[in-house]
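*Asks:* So that you have it, the file is work38.cif, and it contains mmCIF, C-alpha atoms:
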```
data_query
#
loop_
_atom_site.label_atom_id
_atom_site.label_comp_id
_atom_site.auth_asym_id
_atom_site.auth_seq_id
_atom_site.Cartn_x
_atom_site.Cartn_y
_atom_site.Cartn_z
CA MET A 1 191.28 29.76 -7.29
CA LYS A 2 194.20 27.42 -8.01
CA HIS A 3 193.26 24.31 -9.95
CA GLU A 4 194.97 21.23 -8.48
CA VAL A 5 195.28 18.39 -10.96
CA VAL A 6 194.83 14.85 -9.64
CA THR A 7 197.78 12.73 -10.79
CA VAL A 8 198.59 9.03 -10.51
CA GLY A 9 199.18 8.18 -6.85
CA CYS A 10 196.76 10.83 -5.57
CA ALA A 11 193.36 10.31 -3.99
CA MET A 12 190.49 10.63 -6.43
CA PRO A 13 188.16 13.56 -5.80
CA ASP A 14 184.90 12.44 -4.24
CA LEU A 15 182.67 13.69 -7.01
CA THR A 16 179.03 12.84 -7.63
CA PHE A 17 177.53 12.29 -11.08
CA PRO A 18 174.03 11.30 -12.19
CA ASP A 19 173.40 7.91 -13.72
CA LEU A 20 171.20 7.56 -16.81
CA ASN A 21 168.10 7.80 -14.64
CA GLY A 22 169.28 10.87 -12.78
CA ARG A 23 170.19 9.04 -9.60
CA PRO A 24 173.34 10.43 -7.95
CA VAL A 25 176.39 8.16 -7.87
CA ARG A 26 179.38 9.11 -5.70
CA LEU A 27 182.80 7.86 -6.68
CA SER A 28 183.44 7.03 -3.02
CA ASP A 29 180.51 4.59 -3.17
CA PHE A 30 182.98 2.16 -4.75
CA ARG A 31 185.59 2.26 -1.97
CA GLY A 32 186.63 -1.22 -0.94
CA LYS A 33 186.73 -2.44 -4.53
CA LYS A 34 189.09 -1.85 -7.39
CA LEU A 35 187.33 0.49 -9.78
CA LEU A 36 187.85 0.91 -13.51
CA ILE A 37 186.24 4.08 -14.84
CA PHE A 38 185.88 3.94 -18.62
CA VAL A 39 185.32 7.44 -19.97
CA TRP A 40 183.73 7.74 -23.40
CA ALA A 41 181.40 9.98 -25.38
CA SER A 42 178.80 9.44 -28.07
CA TRP A 43 180.73 11.61 -30.51
CA MET B 44 184.45 -6.28 -19.80
CA GLU B 45 181.53 -7.48 -17.72
CA THR B 46 183.09 -10.92 -17.62
CA LEU B 47 185.85 -9.40 -15.49
CA ALA B 48 183.42 -8.05 -12.92
CA ASP B 49 183.58 -9.75 -9.55
CA THR B 50 183.14 -8.90 -5.91
CA ASP B 51 186.47 -7.05 -5.73
CA PHE B 52 186.26 -5.21 -9.02
CA THR B 53 183.76 -2.78 -10.49
CA PHE B 54 183.48 -1.46 -14.02
CA LEU B 55 181.93 2.00 -14.20
CA SER B 56 181.08 3.61 -17.49
CA MET B 57 181.19 7.42 -17.68
CA ALA B 58 179.75 9.32 -20.63
CA ALA B 59 181.59 12.65 -20.91
CA ASP B 60 178.97 13.93 -23.25
CA ILE B 61 177.43 17.38 -23.32
CA GLY B 62 174.29 15.73 -24.64
CA GLY B 63 173.84 14.16 -21.21
CA ALA B 64 171.87 10.98 -20.53
CA LEU B 65 169.81 11.47 -23.68
CA ALA B 66 172.89 11.09 -25.87
CA ALA B 67 174.49 8.33 -23.79
CA ARG B 68 171.50 6.06 -23.23
CA PRO B 69 171.29 4.55 -26.77
CA PHE B 70 174.92 3.42 -26.57
CA HIS B 71 174.46 1.99 -23.07
CA GLU B 72 171.36 0.11 -24.18
CA ALA B 73 172.99 -1.12 -27.39
CA ALA B 74 175.73 -2.67 -25.26
CA LYS B 75 173.01 -4.50 -23.27
CA ALA B 76 174.99 -3.31 -20.28
CA SER B 77 174.40 -4.43 -16.72
CA PHE B 78 177.08 -2.05 -15.41
CA THR B 79 176.29 1.50 -14.35
CA THR B 80 176.76 4.43 -16.70
CA ILE B 81 177.13 7.87 -15.19
CA VAL B 82 177.17 11.18 -17.05
CA ASP B 83 179.74 13.95 -16.80
CA CYS B 84 178.30 16.45 -19.25
CA GLU B 85 180.47 19.33 -17.98
CA ASN B 86 183.72 17.35 -18.08
CA VAL B 87 184.18 17.88 -14.34
CA LEU B 88 186.35 14.78 -13.93
CA GLY B 89 188.30 15.66 -17.06
CA ARG B 90 189.23 19.01 -15.56
CA ALA B 91 190.12 17.44 -12.21
CA LEU B 92 192.42 14.86 -13.83
CA ASP B 93 193.45 17.00 -16.81
CA TYR B 94 192.63 14.42 -19.46
CA LYS B 95 191.96 15.78 -22.91
CA ILE B 96 191.52 12.58 -24.88
CA ILE B 97 188.53 10.26 -24.90
CA PRO B 98 188.07 7.33 -24.59
CA ASN B 99 190.26 6.73 -21.59
CA SER B 100 190.33 4.53 -18.52
CA LEU B 101 191.09 5.41 -14.93
CA PHE B 102 192.28 2.70 -12.56
CA VAL B 103 191.28 3.46 -8.96
CA ASP B 104 192.38 1.19 -6.13
CA GLU B 105 190.15 -0.03 -3.30
CA HIS B 106 191.29 2.91 -1.14
CA GLY B 107 190.19 5.50 -3.68
CA PHE B 108 193.65 6.34 -5.05
CA LEU B 109 194.30 6.79 -8.77
CA GLN B 110 196.79 4.09 -9.80
CA GLY B 111 196.58 4.28 -13.56
CA LYS B 112 195.48 6.57 -16.35
CA TRP B 113 195.30 5.25 -19.92
CA LEU B 114 194.39 7.81 -22.53
CA SER B 115 193.02 6.58 -25.84
CA PHE B 116 191.92 3.32 -24.22
CA ALA B 117 190.07 0.76 -26.36
CA LEU B 118 188.06 -2.07 -24.88
CA ASP B 119 188.84 -4.28 -27.87
CA ARG B 120 192.63 -3.90 -27.68
CA GLN B 121 194.45 -6.79 -26.04
CA GLU B 122 197.06 -4.58 -24.36
CA CYS B 123 194.28 -2.59 -22.70
CA LEU B 124 192.48 -5.69 -21.51
CA SER B 125 195.75 -7.10 -20.19
CA ALA B 126 196.25 -3.95 -18.12
CA VAL B 127 192.76 -4.37 -16.67
CA GLU B 128 193.48 -7.99 -15.83
CA GLN B 129 196.73 -7.04 -14.07
CA PHE B 130 194.90 -4.34 -12.16
CA ARG B 131 192.21 -6.79 -11.11
CA ARG B 132 194.81 -9.32 -9.95
CA GLY B 133 196.78 -6.67 -8.02
CA THR B 134 199.93 -7.02 -10.16
CA MET B 135 199.69 -3.66 -11.94
CA LEU B 136 202.28 -0.98 -11.18
CA PRO B 137 201.15 2.68 -11.14
CA PHE B 138 201.30 4.05 -14.67
CA GLU B 139 200.21 6.80 -17.00
CA HIS B 140 199.77 5.94 -20.67
CA VAL B 141 199.68 8.99 -22.92
CA PRO B 142 199.58 8.50 -26.68
CA GLN B 143 201.65 10.56 -29.07
CA THR B 144 199.55 13.33 -30.58
CA PRO B 145 200.40 15.80 -33.35
CA LEU B 146 199.90 18.68 -30.95
CA THR B 147 200.90 19.21 -27.38
CA SER B 148 199.74 21.96 -25.10
CA THR B 149 202.20 23.27 -22.59
CA MET B 150 200.84 26.40 -21.01
CA PRO B 151 202.17 28.74 -18.39
CA PRO B 152 200.11 28.51 -15.15
CA LEU B 153 198.29 31.80 -15.73
CA GLU B 154 197.20 30.77 -19.24
CA SER B 155 196.14 27.38 -17.89
CA GLU B 156 193.93 29.09 -15.32
CA LEU B 157 192.43 31.27 -18.06
CA VAL B 158 191.60 28.18 -20.11
CA THR B 159 189.97 26.52 -17.10
CA THR B 160 187.85 29.62 -16.56
CA GLN B 161 186.84 29.76 -20.24
CA VAL B 162 185.88 26.08 -20.20
CA ARG B 163 183.74 26.58 -17.10
CA LEU B 164 182.11 29.69 -18.54
CA GLY B 165 181.33 27.74 -21.71
CA ALA B 166 179.76 24.95 -19.67
CA ALA B 167 177.63 27.47 -17.76
CA LEU B 168 176.46 29.08 -21.01
CA LYS B 169 175.67 25.65 -22.45
CA ALA B 170 173.60 24.84 -19.38
CA LEU B 171 171.62 28.03 -20.01
CA GLY B 172 170.96 26.96 -23.59
CA ARG B 173 173.24 29.67 -25.01
CA ASP B 174 175.01 27.22 -27.30
CA ASN B 175 176.62 29.69 -29.71
CA GLU B 176 178.17 31.68 -26.87
CA ALA B 177 179.31 28.43 -25.23
CA ALA B 178 181.02 27.32 -28.45
CA ASP B 179 182.70 30.73 -28.80
CA GLU B 180 184.02 30.56 -25.24
CA TRP B 181 185.32 27.00 -25.73
CA ALA B 182 186.95 28.07 -29.02
CA LYS B 183 188.94 30.70 -27.11
CA ALA B 184 190.12 27.99 -24.72
CA LEU B 185 190.97 25.65 -27.59
CA ARG B 186 193.25 28.25 -29.16
CA SER B 187 195.44 28.04 -26.05
CA ASP B 188 194.97 24.28 -25.64
CA PRO B 189 194.83 22.80 -29.17
CA ALA B 190 195.53 19.23 -27.99
CA ASN B 191 192.27 19.20 -26.02
CA PHE B 192 190.17 16.88 -28.17
CA VAL B 193 187.36 16.73 -25.63
CA LEU B 194 186.88 20.46 -26.02
CA ARG B 195 187.31 20.35 -29.78
CA LYS B 196 184.63 17.74 -30.21
CA GLN B 197 182.24 19.53 -27.87
CA ILE B 198 182.58 22.61 -30.08
CA TRP B 199 181.90 20.50 -33.18
CA LEU B 200 178.84 19.01 -31.58
CA LEU B 201 177.40 22.49 -30.99
CA ARG B 202 178.39 23.99 -34.34
CA PHE B 203 177.84 20.99 -36.60
CA PRO B 204 175.07 18.91 -35.00
CA GLU B 205 174.14 17.47 -38.40
CA ARG B 206 177.51 15.65 -38.41
CA PHE B 207 176.56 13.77 -35.24
CA HIS B 208 172.90 12.90 -35.71
CA PRO B 209 171.46 10.56 -36.74
CA THR B 210 174.89 9.06 -37.39
CA ILE B 211 178.39 10.23 -36.53
CA ASP B 212 180.36 11.27 -39.60
CA PHE B 213 183.89 10.15 -38.73
CA ILE B 214 185.23 10.95 -42.22
CA TRP B 215 184.07 14.54 -41.79
CA GLN B 216 185.72 14.64 -38.34
CA LYS B 217 189.06 13.63 -39.84
CA GLU B 218 188.77 16.25 -42.59
CA GLN B 219 187.61 18.93 -40.16
CA LEU B 220 190.52 18.18 -37.85
CA ALA B 221 192.97 18.61 -40.75
CA ARG B 222 191.30 21.90 -41.73
CA GLU B 223 191.45 23.21 -38.18
CA HIS B 224 195.07 22.16 -37.70
CA ALA B 225 196.00 24.03 -40.90
CA GLU B 226 194.14 27.14 -39.68
CA GLU B 227 195.79 26.90 -36.26
CA ASP B 228 199.26 26.51 -37.79
CA ALA B 229 198.63 29.62 -39.91
CA TRP B 230 197.42 31.51 -36.84
CA ARG B 231 200.51 30.54 -34.85
CA ARG B 232 202.81 31.57 -37.71
CA LYS B 233 201.06 34.92 -37.97
CA LYS B 234 201.30 35.38 -34.20
CA CYS B 235 205.05 34.76 -34.42
CA GLU B 236 205.56 37.54 -36.91
CA GLY B 237 205.49 40.02 -34.02
CA ASP B 238 207.91 40.39 -31.15
CA SER B 239 206.28 37.96 -28.71
CA CYS B 240 206.59 34.58 -30.35
CA SER B 241 206.60 31.67 -27.92
CA ILE B 242 209.60 29.34 -28.27
CA ALA B 243 207.94 26.52 -26.33
#
```
Have the structure of the file written as structure tokens, please.
*Replies:*
Amino acid sequence: MKHEVVTVGCAMPDLTFPDLNGRPVRLSDFRGKKLLIFVWASW
Amino acid sequence: METLADTDFTFLSMAADIGGALAARPFHEAAKASFTTIVDCENVLGRALDYKIIPNSLFVDEHGFLQGKWLSFALDRQECLSAVEQFRRGTMLPFEHVPQTPLTSTMPPLESELVTTQVRLGAALKALGRDNEAADEWAKALRSDPANFVLRKQIWLLRFPERFHPTIDFIWQKEQLAREHAEEDAWRRKKCEGDSCSIA
């Protein structure tokens, strides 16, 4: 399967991730607002 | 960062941590955060957007389009905060900020697909608790993609957990990175002794 990379100017994939309590959060839940996703790790 | 939050702007924290919520929660709580933190323990978004450096920030407009990608983003750097302010005010132009790194990874499409498969296989093995096999699979991917620091640190976390708990040994990380770069340079030189040396 070809892996399409999302670049600047493209629509974000509508992915779902759990929050710290396991509740699902969809990226599309934030449509209608500007969204800053800060990606980090504990390491 | 929370002071910038308003009705038209949302700050979302994403922990790209194979340790999952258990590893991320102490940092979220230490920040006394009111924003949401989500967990991407398989680096799903990283694969989709092809980022290999953390921390980073992704600027997504109100229509769901990616308008900015800043790798090696720091919340305490003024230039980063200025970019956020411009984004919030609607004066930011689309951009991609990629820092200079000592290594770059330019792979032919077939090799790139192989790396993606190895990363996914590693994630599946990790999910099954087969950590050693996961680290081995990720190490194969890293050999083709040495600039992938997300992958490199995930391997370290599995192979050297004592360097991450109870505290993170950043001095060791710097030394380990130098050791691994030296080993990788030697491996590349050896590979080039044959007839199929890459000139990329």
*Asks:* Tell me which of B:Asn86, B:Gln197, B:Ser100, B:Ser115 sits closest to chain A, counting all atoms listed in the file.
*Replies:*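 Once distances to chain A are computed over all atoms listed in the file, the minimum belongs to B:Ser100.
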*Asks:* Please list as a list in words every residue within 10 Å of Phe38 in chain A, counting all atoms listed in the file and excluding residues in the same chain fewer than 5 positions away.
*Replies:*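 Listing them by chain and then by number gives Phe54, Leu55, Ser56, Met57, Ala58, Ala59, Thr80, Ile97, Pro98, Asn99, Ser100, Leu101, Phe102, Trp113, Phe116, Ala117 and Leu118 of chain B.
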*Asks:* Tell me as an mmCIF file with C-alpha atoms, keeping the file's coordinate frame which residues belonging to chain B come within 8 Å of chain A, counting all atoms listed in the file.
*Replies:*
```
data_model
loop_
_atom_site.group_PDB
_atom_site.id
_atom_site.type_symbol
_atom_site.label_atom_id
_atom_site.label_comp_id
_atom_site.auth_asym_id
_atom_site.auth_seq_id
_atom_site.Cartn_x
_atom_site.Cartn_y
_atom_site.Cartn_z
ATOM 1 C CA THR B 50 183.140 -8.900 -5.910
ATOM 2 C CA ASP B 51 186.470 -7.050 -5.730
ATOM 3 C CA PHE B 52 186.260 -5.210 -9.020
ATOM 4 C CA THR B 53 183.760 -2.780 -10.490
ATOM 5 C CA PHE B 54 183.480 -1.460 -14.020
ATOM 6 C CA LEU B 55 181.930 2.000 -14.200
ATOM 7 C CA SER B 56 181.080 3.610 -17.490
ATOM 8 C CA MET B 57 181.190 7.420 -17.680
ATOM 9 C CA ALA B 58 179.750 9.320 -20.630
ATOM 10 C CA ALA B 59 181.590 12.650 -20.910
ATOM 11 C CA ASP B 60 178.970 13.930 -23.250
ATOM 12 C CA ALA B 64 171.870 10.980 -20.530
ATOM 13 C CA ALA B 66 172.890 11.090 -25.870
ATOM 14 C CA ALA B 67 174.490 8.330 -23.790
ATOM 15 C CA ARG B 68 171.500 6.060 -23.230
ATOM 16 C CA PHE B 70 174.920 3.420 -26.570
ATOM 17 C CA THR B 79 176.290 1.500 -14.350
ATOM 18 C CA THR B 80 176.760 4.430 -16.700
ATOM 19 C CA ILE B 81 177.130 7.870 -15.190
ATOM 20 C CA VAL B 82 177.170 11.180 -17.050
ATOM 21 C CA ASP B 83 179.740 13.950 -16.800
ATOM 22 C CA LEU B 88 186.350 14.780 -13.930
ATOM 23 C CA ARG B 90 189.230 19.010 -15.560
ATOM 24 C CA ALA B 91 190.120 17.440 -12.210
ATOM 25 C CA LEU B 92 192.420 14.860 -13.830
ATOM 26 C CA ASP B 93 193.450 17.000 -16.810
ATOM 27 C CA ILE B 97 188.530 10.260 -24.900
ATOM 28 C CA PRO B 98 188.070 7.330 -24.590
ATOM 29 C CA ASN B 99 190.260 6.730 -21.590
ATOM 30 C CA SER B 100 190.330 4.530 -18.520
ATOM 31 C CA LEU B 101 191.090 5.410 -14.930
ATOM 32 C CA PHE B 102 192.280 2.700 -12.560
ATOM 33 C CA VAL B 103 191.280 3.460 -8.960
ATOM 34 C CA ASP B 104 192.380 1.190 -6.130
ATOM 35 C CA GLU B 105 190.150 -0.030 -3.300
ATOM 36 C CA HIS B 106 191.290 2.910 -1.140
ATOM 37 C CA GLY B 107 190.190 5.500 -3.680
ATOM 38 C CA PHE B 108 193.650 6.340 -5.050
ATOM 39 C CA LEU B 109 194.300 6.790 -8.770
ATOM 40 C CA GLN B 110 196.790 4.090 -9.800
ATOM 41 C CA GLY B 111 196.580 4.280 -13.560
ATOM 42 C CA LYS B 112 195.480 6.570 -16.350
ATOM 43 C CA VAL B 127 192.760 -4.370 -16.670
ATOM 44 C CA PHE B 130 194.900 -4.340 -12.160
ATOM 45 C CA ARG B 131 192.210 -6.790 -11.110
ATOM 46 C CA PRO B 137 201.150 2.680 -11.140
ATOM 47 C CA PHE B 138 201.300 4.050 -14.670
ATOM 48 C CA GLU B 139 200.210 6.800 -17.000
ATOM 49 C CA GLU B 156 193.930 29.090 -15.320
ATOM 50 C CA LYS B 196 184.630 17.740 -30.210
ATOM 51 C CA LEU B 200 178.840 19.010 -31.580
ATOM 52 C CA PHE B 207 176.560 13.770 -35.240
ATOM 53 C CA ILE B 211 178.390 10.230 -36.530
#
```
*Asks:* Report, in Å to a single decimal, how far apart CA of Ile96 in chain B and CA of Pro142 in chain B are.
*Replies:*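 Distance between the two atoms: 9.2 Å.
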*Asks:* Quick check, in Å to one decimal: how far apart do CA of Met150 in chain B and CA of Ala221 in chain B lie?
*Replies:*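 According to the coordinates, CA of Met150 in chain B and CA of Ala221 in chain B are separated by 22.6 Å.
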*Asks:* Taking the file as I've supplied it (selection: the PyMOL selection byres ((chain B and resi 186) around 12)), which residues are included? Please answer as a ChimeraX atom specification.
*Replies:* /B:146-148,150,154-155,157-158,161-162,179-185,187-192,194-195,223-224,226-228,230-231,234
*Asks:* Quote the spacing between CA of Leu153 in chain B and CA of Gly172 in chain B in Å to one decimal place.
*Replies:* 28.8 Å
*Asks:* Please give the centre and size of the box around range 80-96 of chain B (axis-aligned, containing every atom listed in the file, 3 Å added per side), with values in Å to one decimal and written as lines of an AutoDock Vina configuration file.
*Replies:*
```
center_x = 185.1
center_y = 11.9
center_z = -18.5
size_x = 22.7
size_y = 20.9
size_z = 18.7
```
*Asks:* Nearest to Gln216 in chain B among B:Ala74, B:Val141, B:Ala229, B:Ile198, with distances taken over only C-alpha atoms: which residue is it?
*Replies:*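 Nearest to Gln216 in chain B: B:Ile198.
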